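S.K.: Dropping in coords-v3.pdb, with PDB, C-alpha atoms.
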MODEL        1
ATOM      1  CA  MET F  23      84.074 117.732  81.125
ATOM      2  CA  ALA F  24      86.942 119.542  82.802
ATOM      3  CA  THR F  25      89.956 120.523  80.730
ATOM      4  CA  THR F  26      92.203 118.203  82.719
ATOM      5  CA  ASP F  27      89.882 115.271  81.989
ATOM      6  CA  ARG F  28      89.858 116.089  78.286
ATOM      7  CA  GLN F  29      93.627 116.211  78.335
ATOM      8  CA  ALA F  30      93.785 112.879  80.170
ATOM      9  CA  THR F  31      91.471 111.297  77.582
ATOM     10  CA  THR F  32      93.525 112.700  74.710
ATOM     11  CA  LEU F  33      96.744 111.374  76.260
ATOM     12  CA  ALA F  34      95.160 107.980  76.971
ATOM     13  CA  LEU F  35      94.041 107.698  73.353
ATOM     14  CA  ALA F  36      97.515 108.619  72.140
ATOM     15  CA  HIS F  37      99.117 106.000  74.379
ATOM     16  CA  ALA F  38      96.534 103.402  73.309
ATOM     17  CA  LEU F  39      97.214 104.055  69.620
ATOM     18  CA  SER F  40     100.953 103.777  70.264
ATOM     19  CA  ALA F  41     100.446 100.432  72.014
ATOM     20  CA  ALA F  42      98.308  99.206  69.118
ATOM     21  CA  GLU F  43     101.161  99.988  66.727
ATOM     22  CA  ARG F  44     103.216  97.448  68.725
ATOM     23  CA  GLY F  45     100.547  94.782  68.211
ATOM     24  CA  LEU F  46      98.853  95.225  71.611
ATOM     25  CA  ALA F  47      95.044  95.161  71.560
ATOM     26  CA  VAL F  48      93.520  97.882  73.752
ATOM     27  CA  ILE F  49      90.271  99.138  75.321
ATOM     28  CA  PRO F  50      89.462 102.452  77.082
ATOM     29  CA  LEU F  51      89.434 102.417  80.894
ATOM     30  CA  SER F  52      87.851 104.733  83.435
ATOM     31  CA  ARG F  53      89.670 106.249  86.395
ATOM     32  CA  THR F  54      88.672 103.182  88.420
ATOM     33  CA  LYS F  55      90.690 100.937  86.047
ATOM     34  CA  LEU F  56      87.470  99.270  84.860
ATOM     35  CA  PRO F  57      86.356  99.190  81.202
ATOM     36  CA  ALA F  58      84.940 102.622  80.419
ATOM     37  CA  LEU F  59      81.987 101.388  78.365
ATOM     38  CA  ARG F  60      79.017  99.689  80.009
ATOM     39  CA  SER F  61      77.550  96.513  78.594
ATOM     40  CA  PRO F  62      74.883  97.048  75.922
ATOM     41  CA  HIS F  63      73.052  94.050  77.421
ATOM     42  CA  ARG F  64      72.759  95.397  80.979
ATOM     43  CA  ASP F  65      69.020  96.095  80.533
ATOM     44  CA  ASP F  66      68.160  92.893  78.678
ATOM     45  CA  PRO F  67      65.010  91.436  80.306
ATOM     46  CA  ALA F  68      66.192  87.826  80.104
ATOM     47  CA  PRO F  69      69.952  87.227  79.889
ATOM     48  CA  THR F  70      70.920  84.398  77.550
ATOM     49  CA  GLN F  71      72.737  81.299  78.721
ATOM     50  CA  THR F  72      75.778  82.254  76.646
ATOM     51  CA  PRO F  73      77.059  85.785  77.372
ATOM     52  CA  CYS F  74      77.761  88.000  74.383
ATOM     53  CA  HIS F  75      81.459  88.632  73.769
ATOM     54  CA  GLY F  76      80.923  91.226  71.085
ATOM     55  CA  GLU F  77      79.102  89.060  68.567
ATOM     56  CA  CYS F  78      76.288  91.627  68.525
ATOM     57  CA  GLY F  79      78.636  94.196  66.992
ATOM     58  CA  GLY F  80      78.112  96.736  69.773
ATOM     59  CA  MET F  81      80.583  98.222  72.232
ATOM     60  CA  GLY F  82      80.803  97.560  75.949
ATOM     61  CA  HIS F  83      82.013  93.966  76.127
ATOM     62  CA  GLY F  84      85.063  94.719  78.235
ATOM     63  CA  VAL F  85      88.264  93.024  77.156
ATOM     64  CA  TYR F  86      86.426  91.444  74.218
ATOM     65  CA  ASP F  87      86.304  94.907  72.618
ATOM     66  CA  ALA F  88      90.111  95.003  72.549
ATOM     67  CA  THR F  89      91.543  95.819  69.145
ATOM     68  CA  THR F  90      94.651  97.065  67.337
ATOM     69  CA  ASP F  91      92.600  98.816  64.619
ATOM     70  CA  PRO F  92      93.236 102.586  64.979
ATOM     71  CA  SER F  93      89.799 103.504  63.605
ATOM     72  CA  ARG F  94      88.042 101.189  66.028
ATOM     73  CA  ILE F  95      90.143 102.455  68.933
ATOM     74  CA  ARG F  96      89.111 106.032  68.124
ATOM     75  CA  GLU F  97      85.463 104.907  68.006
ATOM     76  CA  LEU F  98      85.771 103.281  71.421
ATOM     77  CA  PHE F  99      87.309 106.387  72.967
ATOM     78  CA  ALA F 100      84.766 108.649  71.252
ATOM     79  CA  ALA F 101      82.011 106.589  72.880
ATOM     80  CA  ALA F 102      83.744 106.947  76.271
ATOM     81  CA  PRO F 103      84.947 110.560  76.511
ATOM     82  CA  TRP F 104      85.417 110.075  80.269
ATOM     83  CA  ALA F 105      88.135 107.454  79.734
ATOM     84  CA  THR F 106      91.492 108.422  81.225
ATOM     85  CA  GLY F 107      93.376 105.195  80.598
ATOM     86  CA  TYR F 108      93.524 102.086  78.515
ATOM     87  CA  GLY F 109      93.769  98.384  79.106
ATOM     88  CA  ILE F 110      95.950  95.948  77.167
ATOM     89  CA  ALA F 111      94.347  92.564  76.537
ATOM     90  CA  CYS F 112      96.405  89.534  77.537
ATOM     91  CA  GLY F 113      96.643  86.222  75.725
ATOM     92  CA  LEU F 114      96.060  87.599  72.214
ATOM     93  CA  PRO F 115      98.389  87.250  69.213
ATOM     94  CA  PRO F 116     101.009  88.237  68.283
ATOM     95  CA  HIS F 117     102.458  88.646  71.801
ATOM     96  CA  HIS F 118     100.169  86.315  73.843
ATOM     97  CA  LEU F 119     100.864  88.636  76.766
ATOM     98  CA  ILE F 120     101.110  87.330  80.330
ATOM     99  CA  GLY F 121     101.121  89.884  83.137
ATOM    100  CA  ILE F 122     102.861  89.209  86.462
ATOM    101  CA  ASP F 123     101.311  91.679  88.913
ATOM    102  CA  LEU F 124     103.508  92.174  91.983
ATOM    103  CA  ASP F 125     101.137  93.761  94.476
ATOM    104  CA  THR F 126     102.116  95.863  97.488
ATOM    105  CA  LYS F 127      98.717  96.226  99.161
ATOM    106  CA  SER F 128      98.544  92.732 100.661
ATOM    107  CA  GLY F 129     101.204  93.363 103.291
ATOM    108  CA  THR F 130     103.520  90.764 101.745
ATOM    109  CA  ASP F 131     106.788  91.176  99.867
ATOM    110  CA  SER F 132     105.651  89.910  96.465
ATOM    111  CA  SER F 133     109.036  90.589  94.871
ATOM    112  CA  ALA F 134     110.711  88.387  97.475
ATOM    113  CA  ALA F 135     108.055  85.722  96.903
ATOM    114  CA  LEU F 136     108.841  85.756  93.170
ATOM    115  CA  ARG F 137     112.569  85.463  93.860
ATOM    116  CA  GLU F 138     111.845  82.519  96.176
ATOM    117  CA  LEU F 139     109.839  80.817  93.430
ATOM    118  CA  ALA F 140     112.621  81.466  90.926
ATOM    119  CA  LEU F 141     115.203  79.842  93.207
ATOM    120  CA  ARG F 142     112.968  76.904  94.018
ATOM    121  CA  HIS F 143     111.987  76.196  90.395
ATOM    122  CA  LEU F 144     115.261  77.240  88.741
ATOM    123  CA  PHE F 145     114.169  80.070  86.470
ATOM    124  CA  THR F 146     115.278  83.653  85.946
ATOM    125  CA  ILE F 147     112.968  86.539  85.083
ATOM    126  CA  PRO F 148     114.382  87.924  81.827
ATOM    127  CA  GLU F 149     114.831  91.585  81.016
ATOM    128  CA  THR F 150     111.414  92.767  79.917
ATOM    129  CA  VAL F 151     108.872  95.589  80.031
ATOM    130  CA  VAL F 152     108.081  96.657  83.594
ATOM    131  CA  VAL F 153     105.185  98.984  84.394
ATOM    132  CA  LEU F 154     105.148 100.828  87.723
ATOM    133  CA  THR F 155     101.772 101.251  89.432
ATOM    134  CA  PRO F 156     100.720 104.277  91.523
ATOM    135  CA  SER F 157     100.624 102.095  94.674
ATOM    136  CA  GLY F 158     104.254 101.042  94.263
ATOM    137  CA  GLY F 159     103.594  97.686  92.603
ATOM    138  CA  ARG F 160     105.045  96.389  89.353
ATOM    139  CA  HIS F 161     103.646  94.666  86.288
ATOM    140  CA  LEU F 162     106.080  92.391  84.452
ATOM    141  CA  TRP F 163     105.182  91.736  80.818
ATOM    142  CA  LEU F 164     105.993  88.287  79.440
ATOM    143  CA  THR F 165     104.871  86.347  76.372
ATOM    144  CA  GLY F 166     103.716  82.758  76.122
ATOM    145  CA  PRO F 167     103.406  80.239  73.302
ATOM    146  CA  PRO F 168     100.232  80.436  71.162
ATOM    147  CA  ASP F 169      98.892  77.114  72.453
ATOM    148  CA  ALA F 170      99.251  77.964  76.155
ATOM    149  CA  VAL F 171      96.112  79.421  77.749
ATOM    150  CA  VAL F 172      97.215  81.002  81.021
ATOM    151  CA  PRO F 173      94.254  81.728  83.330
ATOM    152  CA  ASN F 174      93.850  84.802  85.491
ATOM    153  CA  SER F 175      94.513  84.255  89.168
ATOM    154  CA  ALA F 176      94.922  86.178  92.403
ATOM    155  CA  SER F 177      97.625  85.062  94.871
ATOM    156  CA  ARG F 178      97.491  81.469  93.595
ATOM    157  CA  LEU F 179     101.160  81.474  92.584
ATOM    158  CA  ALA F 180     102.215  83.137  95.844
ATOM    159  CA  PRO F 181     100.764  85.770  98.190
ATOM    160  CA  GLY F 182     100.667  89.167  96.515
ATOM    161  CA  ILE F 183     101.326  87.828  93.002
ATOM    162  CA  ASP F 184      98.383  88.117  90.619
ATOM    163  CA  ILE F 185      98.414  86.779  87.067
ATOM    164  CA  ARG F 186      96.771  88.411  84.074
ATOM    165  CA  GLY F 187      96.192  85.905  81.293
ATOM    166  CA  ALA F 188      93.544  85.010  78.725
ATOM    167  CA  GLY F 189      90.434  87.122  79.230
ATOM    168  CA  GLY F 190      92.291  89.617  81.422
ATOM    169  CA  TYR F 191      93.994  92.937  80.825
ATOM    170  CA  LEU F 192      96.799  95.104  82.143
ATOM    171  CA  VAL F 193      96.504  98.841  82.749
ATOM    172  CA  GLY F 194      98.670 100.443  80.077
ATOM    173  CA  PRO F 195     101.512 102.858  80.876
ATOM    174  CA  GLY F 196     100.377 106.443  80.623
ATOM    175  CA  SER F 197      96.946 105.664  82.079
ATOM    176  CA  ARG F 198      95.654 108.043  84.748
ATOM    177  CA  THR F 199      93.572 106.582  87.583
ATOM    178  CA  ASP F 200      92.106 107.813  90.857
ATOM    179  CA  HIS F 201      95.356 106.803  92.554
ATOM    180  CA  GLY F 202      97.864 108.185  90.061
ATOM    181  CA  VAL F 203      99.550 107.469  86.751
ATOM    182  CA  TYR F 204     100.987 104.193  85.449
ATOM    183  CA  GLY F 205     104.387 104.424  83.774
ATOM    184  CA  THR F 206     107.144 102.211  82.453
ATOM    185  CA  ALA F 207     110.171 101.620  84.653
ATOM    186  CA  PRO F 208     113.310 103.444  83.493
ATOM    187  CA  GLY F 209     115.170 101.547  80.804
ATOM    188  CA  THR F 210     112.315  99.176  79.907
ATOM    189  CA  ALA F 211     110.032 101.231  77.641
ATOM    190  CA  HIS F 212     111.987 100.259  74.499
ATOM    191  CA  LEU F 213     111.917  96.531  75.270
ATOM    192  CA  THR F 214     109.564  93.942  73.859
ATOM    193  CA  PRO F 215     107.871  91.490  76.245
ATOM    194  CA  ALA F 216     110.296  88.648  76.945
ATOM    195  CA  LEU F 217     109.478  84.959  76.607
ATOM    196  CA  CYS F 218     108.094  83.444  79.814
ATOM    197  CA  PRO F 219     110.603  80.933  81.262
ATOM    198  CA  PRO F 220     109.296  77.358  80.745
ATOM    199  CA  SER F 221     109.534  76.532  84.465
ATOM    200  CA  LEU F 222     107.452  79.583  85.347
ATOM    201  CA  LEU F 223     104.966  78.856  82.562
ATOM    202  CA  ARG F 224     104.350  75.395  84.011
ATOM    203  CA  LEU F 225     103.440  77.018  87.325
ATOM    204  CA  LEU F 226     101.004  79.373  85.592
ATOM    205  CA  LEU F 227      99.125  76.728  83.624
ATOM    206  CA  PRO F 228      96.202  74.866  85.252
ATOM    207  CA  THR F 229      97.139  71.645  87.000
ATOM    208  CA  PRO F 230      95.449  68.657  85.325
ATOM    209  CA  ARG F 231      92.907  67.106  87.664
ATOM    210  CA  THR F 232      93.650  63.472  88.398
ATOM    211  CA  HIS F 233      91.701  60.886  90.375
ATOM    212  CA  ARG F 234      92.859  60.841  93.970
ATOM    213  CA  SER F 235      92.474  58.206  96.625
ATOM    214  CA  ALA F 236      89.838  58.730  99.306
ATOM    215  CA  SER F 237      92.474  59.419 101.963
ATOM    216  CA  PRO F 238      95.422  61.257 100.356
ATOM    217  CA  THR F 239      98.575  61.728 102.410
ATOM    218  CA  PRO F 240     100.300  65.116 102.654
ATOM    219  CA  GLY F 241     103.622  64.031 101.144
ATOM    220  CA  GLU F 242     106.316  66.476 100.083
ATOM    221  CA  HIS F 243     103.859  69.053  98.752
ATOM    222  CA  GLY F 244     102.010  69.131 102.065
ATOM    223  CA  GLN F 245     105.223  69.558 104.033
ATOM    224  CA  GLY F 246     106.177  72.416 101.729
ATOM    225  CA  LEU F 247     102.907  74.196 102.531
ATOM    226  CA  VAL F 248     103.512  73.770 106.256
ATOM    227  CA  GLN F 249     107.045  75.158 105.906
ATOM    228  CA  PHE F 250     105.632  78.083 103.915
ATOM    229  CA  VAL F 251     103.409  78.972 106.889
ATOM    230  CA  LEU F 252     106.245  78.537 109.385
ATOM    231  CA  ALA F 253     108.373  81.050 107.441
ATOM    232  CA  ALA F 254     105.774  83.822 107.882
ATOM    233  CA  HIS F 255     106.801  87.080 109.516
ATOM    234  CA  GLU F 256     104.486  89.386 111.444
ATOM    235  CA  GLY F 257     101.998  90.894 109.003
ATOM    236  CA  GLN F 258     102.203  87.829 106.728
ATOM    237  CA  ARG F 259     100.816  85.136 109.012
ATOM    238  CA  ASN F 260      97.141  85.157 108.022
ATOM    239  CA  THR F 261      97.928  85.728 104.338
ATOM    240  CA  ARG F 262     100.406  82.848 104.173
ATOM    241  CA  LEU F 263      98.131  80.521 106.126
ATOM    242  CA  PHE F 264      95.156  81.339 103.883
ATOM    243  CA  TRP F 265      97.213  80.794 100.708
ATOM    244  CA  ALA F 266      98.643  77.483 101.950
ATOM    245  CA  ALA F 267      95.227  76.256 103.052
ATOM    246  CA  CYS F 268      93.714  77.138  99.674
ATOM    247  CA  ARG F 269      96.420  75.108  97.914
ATOM    248  CA  ALA F 270      95.862  72.237 100.342
ATOM    249  CA  TYR F 271      92.122  72.057  99.682
ATOM    250  CA  GLU F 272      92.609  72.458  95.930
ATOM    251  CA  ASN F 273      94.807  69.348  96.045
ATOM    252  CA  ASP F 274      92.447  67.387  98.331
ATOM    253  CA  LEU F 275      94.937  67.642 101.205
ATOM    254  CA  GLY F 276      92.872  69.952 103.420
ATOM    255  CA  PRO F 277      91.734  67.425 106.057
ATOM    256  CA  ALA F 278      95.157  65.758 106.211
ATOM    257  CA  LEU F 279      96.926  69.122 106.658
ATOM    258  CA  LEU F 280      94.419  70.725 109.020
ATOM    259  CA  ALA F 281      96.293  69.892 112.233
ATOM    260  CA  PRO F 282      99.817  70.579 110.832
ATOM    261  CA  LEU F 283      98.729  73.942 109.419
ATOM    262  CA  ILE F 284      97.093  74.966 112.699
ATOM    263  CA  GLU F 285     100.200  73.944 114.628
ATOM    264  CA  ALA F 286     102.437  75.892 112.230
ATOM    265  CA  ALA F 287     100.215  78.968 112.432
ATOM    266  CA  VAL F 288     100.230  78.871 116.241
ATOM    267  CA  GLN F 289     104.035  78.708 116.166
ATOM    268  CA  THR F 290     104.116  81.915 114.119
ATOM    269  CA  GLY F 291     101.966  83.740 116.673
ATOM    270  CA  LEU F 292      98.347  83.213 115.636
ATOM    271  CA  THR F 293      95.859  81.779 118.098
ATOM    272  CA  GLU F 294      94.295  78.411 117.350
ATOM    273  CA  ARG F 295      90.918  80.115 116.930
ATOM    274  CA  GLU F 296      92.353  82.561 114.373
ATOM    275  CA  ALA F 297      94.065  79.733 112.500
ATOM    276  CA  ARG F 298      90.903  77.617 112.342
ATOM    277  CA  ALA F 299      88.861  80.581 111.096
ATOM    278  CA  THR F 300      91.392  81.357 108.355
ATOM    279  CA  ILE F 301      91.561  77.721 107.228
ATOM    280  CA  ALA F 302      87.760  77.482 107.219
ATOM    281  CA  SER F 303      87.633  80.558 104.960
ATOM    282  CA  ALA F 304      90.155  78.918 102.626
ATOM    283  CA  ALA F 305      88.050  75.751 102.503
ATOM    284  CA  ARG F 306      84.956  77.753 101.526
ATOM    285  CA  MET F 307      86.903  79.756  98.933
ATOM    286  CA  SER F 308      88.229  76.537  97.408
ATOM    287  CA  GLY F 309      84.761  75.009  97.144
ATOM    288  CA  TRP F 310      85.641  72.110  99.442
ATOM    289  CA  ARG F 311      82.722  69.718  99.880
ATOM    290  CA  GLY F 312      84.397  67.034 101.964
TER     291      GLY F 312
ENDMDL
END
Just give me the structure of the file as structure tokens.

M.R.:
Amino acid sequence: MATTDRQATTLALAHALSAAERGLAVIPLSRTKLPALRSPHRDDPAPTQTPCHGECGGMGHGVYDATTDPSRIRELFAAAPWATGYGIACGLPPHHLIGIDLDTKSGTDSSAALRELALRHLFTIPETVVVLTPSGGRHLWLTGPPDAVVPNSASRLAPGIDIRGAGGYLVGPGSRTDHGVYGTAPGTAHLTPALCPPSLLRLLLPTPRTHRSASPTPGEHGQGLVQFVLAAHEGQRNTRLFWAACRAYENDLGPALLAPLIEAAVQTGLTEREARATIASAARMSGWRG
């Protein structure tokens, strides 16, 4: 191993141990941001119906290996000397961490989308830990109540906003990846993760499935999705249309909103063919079987 890699591993271990002292459970990560240790069950001839989450006692179970025990953390890093970063498990006590990942690679202004959500749902993002990513994105650290299981999601809340919840992890500050180093934003390293605003938490939790009539009408929610598409700027049109169509099909409004969404997309500059293709992709992604 090159000297620089050894140094990166040593620094990653030091940062991981420091995070563990704050009650954050960690795992070693490779330069690709994936768990550094491979599954011990990868060569099993017949996988079991219930995947092992570490019950076997071995290493290599991804986020299920996460721990705050310094001895165990050293064992994990010793087994993965190529690790150059560490992941922080979300959803575990005492912090029950929730990560708001504001992406920059999707071509959308995720920070503006979060501000729009905050205005619409009357919440304010409190002062909290902010981690800067090598690509220019930001991870906001929040905490949730012990009984709230926030699922992981990608662009469900809004385009470019990913959520890291139970079963997920955040790349810890100080981690070195193929694209650069993660670090805390100035003035936030000393903070503890702030409590997630109740209005935001409600948006993050799964929506209870209720029985719907055979022919639901779009209503206010449907009109809001159409307006969301109409507000798209160049470079956002397909992303906004796809997101709105996904939400429509998830709420059984896809057929009722098909024509309004196509019309809105055409008004923003897409062709009808492009709009139909994007909506069809959203229907497949949402598992629509209508």

S.K.: Residue by residue, what does the PyMOL selection byres ((chain F and resi 89-100) around 9) grab here? Present the result as a PDB file with C-alpha atoms, keeping the file's coordinate frame.

M.R.:
ATOM      1  CA  THR F  31      91.471 111.297  77.582  1.00  0.00           C
ATOM      2  CA  ALA F  34      95.160 107.980  76.971  1.00  0.00           C
ATOM      3  CA  LEU F  35      94.041 107.698  73.353  1.00  0.00           C
ATOM      4  CA  ALA F  38      96.534 103.402  73.309  1.00  0.00           C
ATOM      5  CA  LEU F  39      97.214 104.055  69.620  1.00  0.00           C
ATOM      6  CA  ALA F  41     100.446 100.432  72.014  1.00  0.00           C
ATOM      7  CA  ALA F  42      98.308  99.206  69.118  1.00  0.00           C
ATOM      8  CA  GLU F  43     101.161  99.988  66.727  1.00  0.00           C
ATOM      9  CA  ARG F  44     103.216  97.448  68.725  1.00  0.00           C
ATOM     10  CA  GLY F  45     100.547  94.782  68.211  1.00  0.00           C
ATOM     11  CA  LEU F  46      98.853  95.225  71.611  1.00  0.00           C
ATOM     12  CA  ALA F  47      95.044  95.161  71.560  1.00  0.00           C
ATOM     13  CA  VAL F  48      93.520  97.882  73.752  1.00  0.00           C
ATOM     14  CA  ILE F  49      90.271  99.138  75.321  1.00  0.00           C
ATOM     15  CA  PRO F  50      89.462 102.452  77.082  1.00  0.00           C
ATOM     16  CA  ALA F  58      84.940 102.622  80.419  1.00  0.00           C
ATOM     17  CA  LEU F  59      81.987 101.388  78.365  1.00  0.00           C
ATOM     18  CA  MET F  81      80.583  98.222  72.232  1.00  0.00           C
ATOM     19  CA  GLY F  82      80.803  97.560  75.949  1.00  0.00           C
ATOM     20  CA  TYR F  86      86.426  91.444  74.218  1.00  0.00           C
ATOM     21  CA  ASP F  87      86.304  94.907  72.618  1.00  0.00           C
ATOM     22  CA  ALA F  88      90.111  95.003  72.549  1.00  0.00           C
ATOM     23  CA  ALA F 101      82.011 106.589  72.880  1.00  0.00           C
ATOM     24  CA  ALA F 102      83.744 106.947  76.271  1.00  0.00           C
ATOM     25  CA  PRO F 103      84.947 110.560  76.511  1.00  0.00           C
ATOM     26  CA  TRP F 104      85.417 110.075  80.269  1.00  0.00           C
ATOM     27  CA  ALA F 105      88.135 107.454  79.734  1.00  0.00           C
ATOM     28  CA  ALA F 111      94.347  92.564  76.537  1.00  0.00           C
TER      29      ALA F 111
END

S.K.: So how many Å separate CA of Ile183 (chain F) and CA of Ala299 (chain F), to one decimal?

M.R.: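 That distance, rounded to one decimal, is 23.1 Å.
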
S.K.: With a distance cut-off of 10 Å and all atoms listed in the file, select the neighbouring residues of Ser157 (chain F), excluding the residue or stretch itself and same-chain residues fewer than 3 positions from it, and output the selection as number ranges by chain.

M.R.: F: 125-127, 154, 160, 201-204

S.K.: Rank F:Ile301, F:Leu136, F:Ala266, F:Val288 by their smallest atom-to-atom distance to Leu222 (chain F), using all atoms listed in the file, and report the top residue only.

M.R.: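 Using all atoms listed in the file, the shortest distance to Leu222 (chain F) belongs to F:Leu136.
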
S.K.: Please list as a list in words every residue within 8 Å of Ala304 (chain F), counting all atoms listed in the file and excluding residues in the same chain fewer than 2 positions away.

M.R.: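 Close residues of Ala304 (chain F): Phe264, Trp265, Ala267, Cys268, Tyr271, Thr300, Ile301, Ala302, Arg306, Met307 and Ser308 of chain F.
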
S.K.: Any chance you can output those residues with C-alpha atoms as a compact mmCIF listing (two decimals), in the coordinates of the input?

M.R.:
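Listing of result29.txt after writing:
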# COMPACT_ATOMS: atom_id res chain seq x y z
CA PHE F 264 95.16 81.34 103.88
CA TRP F 265 97.21 80.79 100.71
CA ALA F 267 95.23 76.26 103.05
CA CYS F 268 93.71 77.14 99.67
CA TYR F 271 92.12 72.06 99.68
CA THR F 300 91.39 81.36 108.36
CA ILE F 301 91.56 77.72 107.23
CA ALA F 302 87.76 77.48 107.22
CA ARG F 306 84.96 77.75 101.53
CA MET F 307 86.90 79.76 98.93
CA SER F 308 88.23 76.54 97.41

S.K.: If you apply the PyMOL selection byres ((chain F and resi 270) around 9) to this file, what residues do you get, as a PyMOL selection string?

M.R.: chain F and resi 240+243-244+247+265-269+271-280+305

S.K.: Record the distance separating CA of Arg259 (chain F) and CA of Thr290 (chain F), expressed in Å with one decimal.

M.R.: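 The value is 6.9 Å.
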
S.K.: Counting only C-alpha atoms, what is within 8 Å of Ala207 (chain F), bar same-chain residues fewer than 3 positions away, as a list in words?

M.R.: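 The neighbour list is Val151, Val152, Val153, Leu154, Thr210 and Ala211 of chain F.
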
S.K.: Which value, in Å to one decimal, gives the distance between CA of Leu119 (chain F) and CA of Leu217 (chain F)?

M.R.: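 Between CA of Leu119 (chain F) and CA of Leu217 (chain F) the gap works out to 9.4 Å.
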
S.K.: Just the residues within 9 Å of Ala140 (chain F), please, counting all atoms listed in the file, with nothing from its chain fewer than 6 positions along; format it as an mmCIF file with C-alpha atoms, in the coordinates of the input.

M.R.:
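Output below, filename result01.cif:
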data_model
loop_
_atom_site.group_PDB
_atom_site.id
_atom_site.type_symbol
_atom_site.label_atom_id
_atom_site.label_comp_id
_atom_site.auth_asym_id
_atom_site.auth_seq_id
_atom_site.Cartn_x
_atom_site.Cartn_y
_atom_site.Cartn_z
ATOM 1 C CA THR F 146 115.278 83.653 85.946
ATOM 2 C CA ILE F 147 112.968 86.539 85.083
ATOM 3 C CA SER F 221 109.534 76.532 84.465
ATOM 4 C CA LEU F 222 107.452 79.583 85.347
#
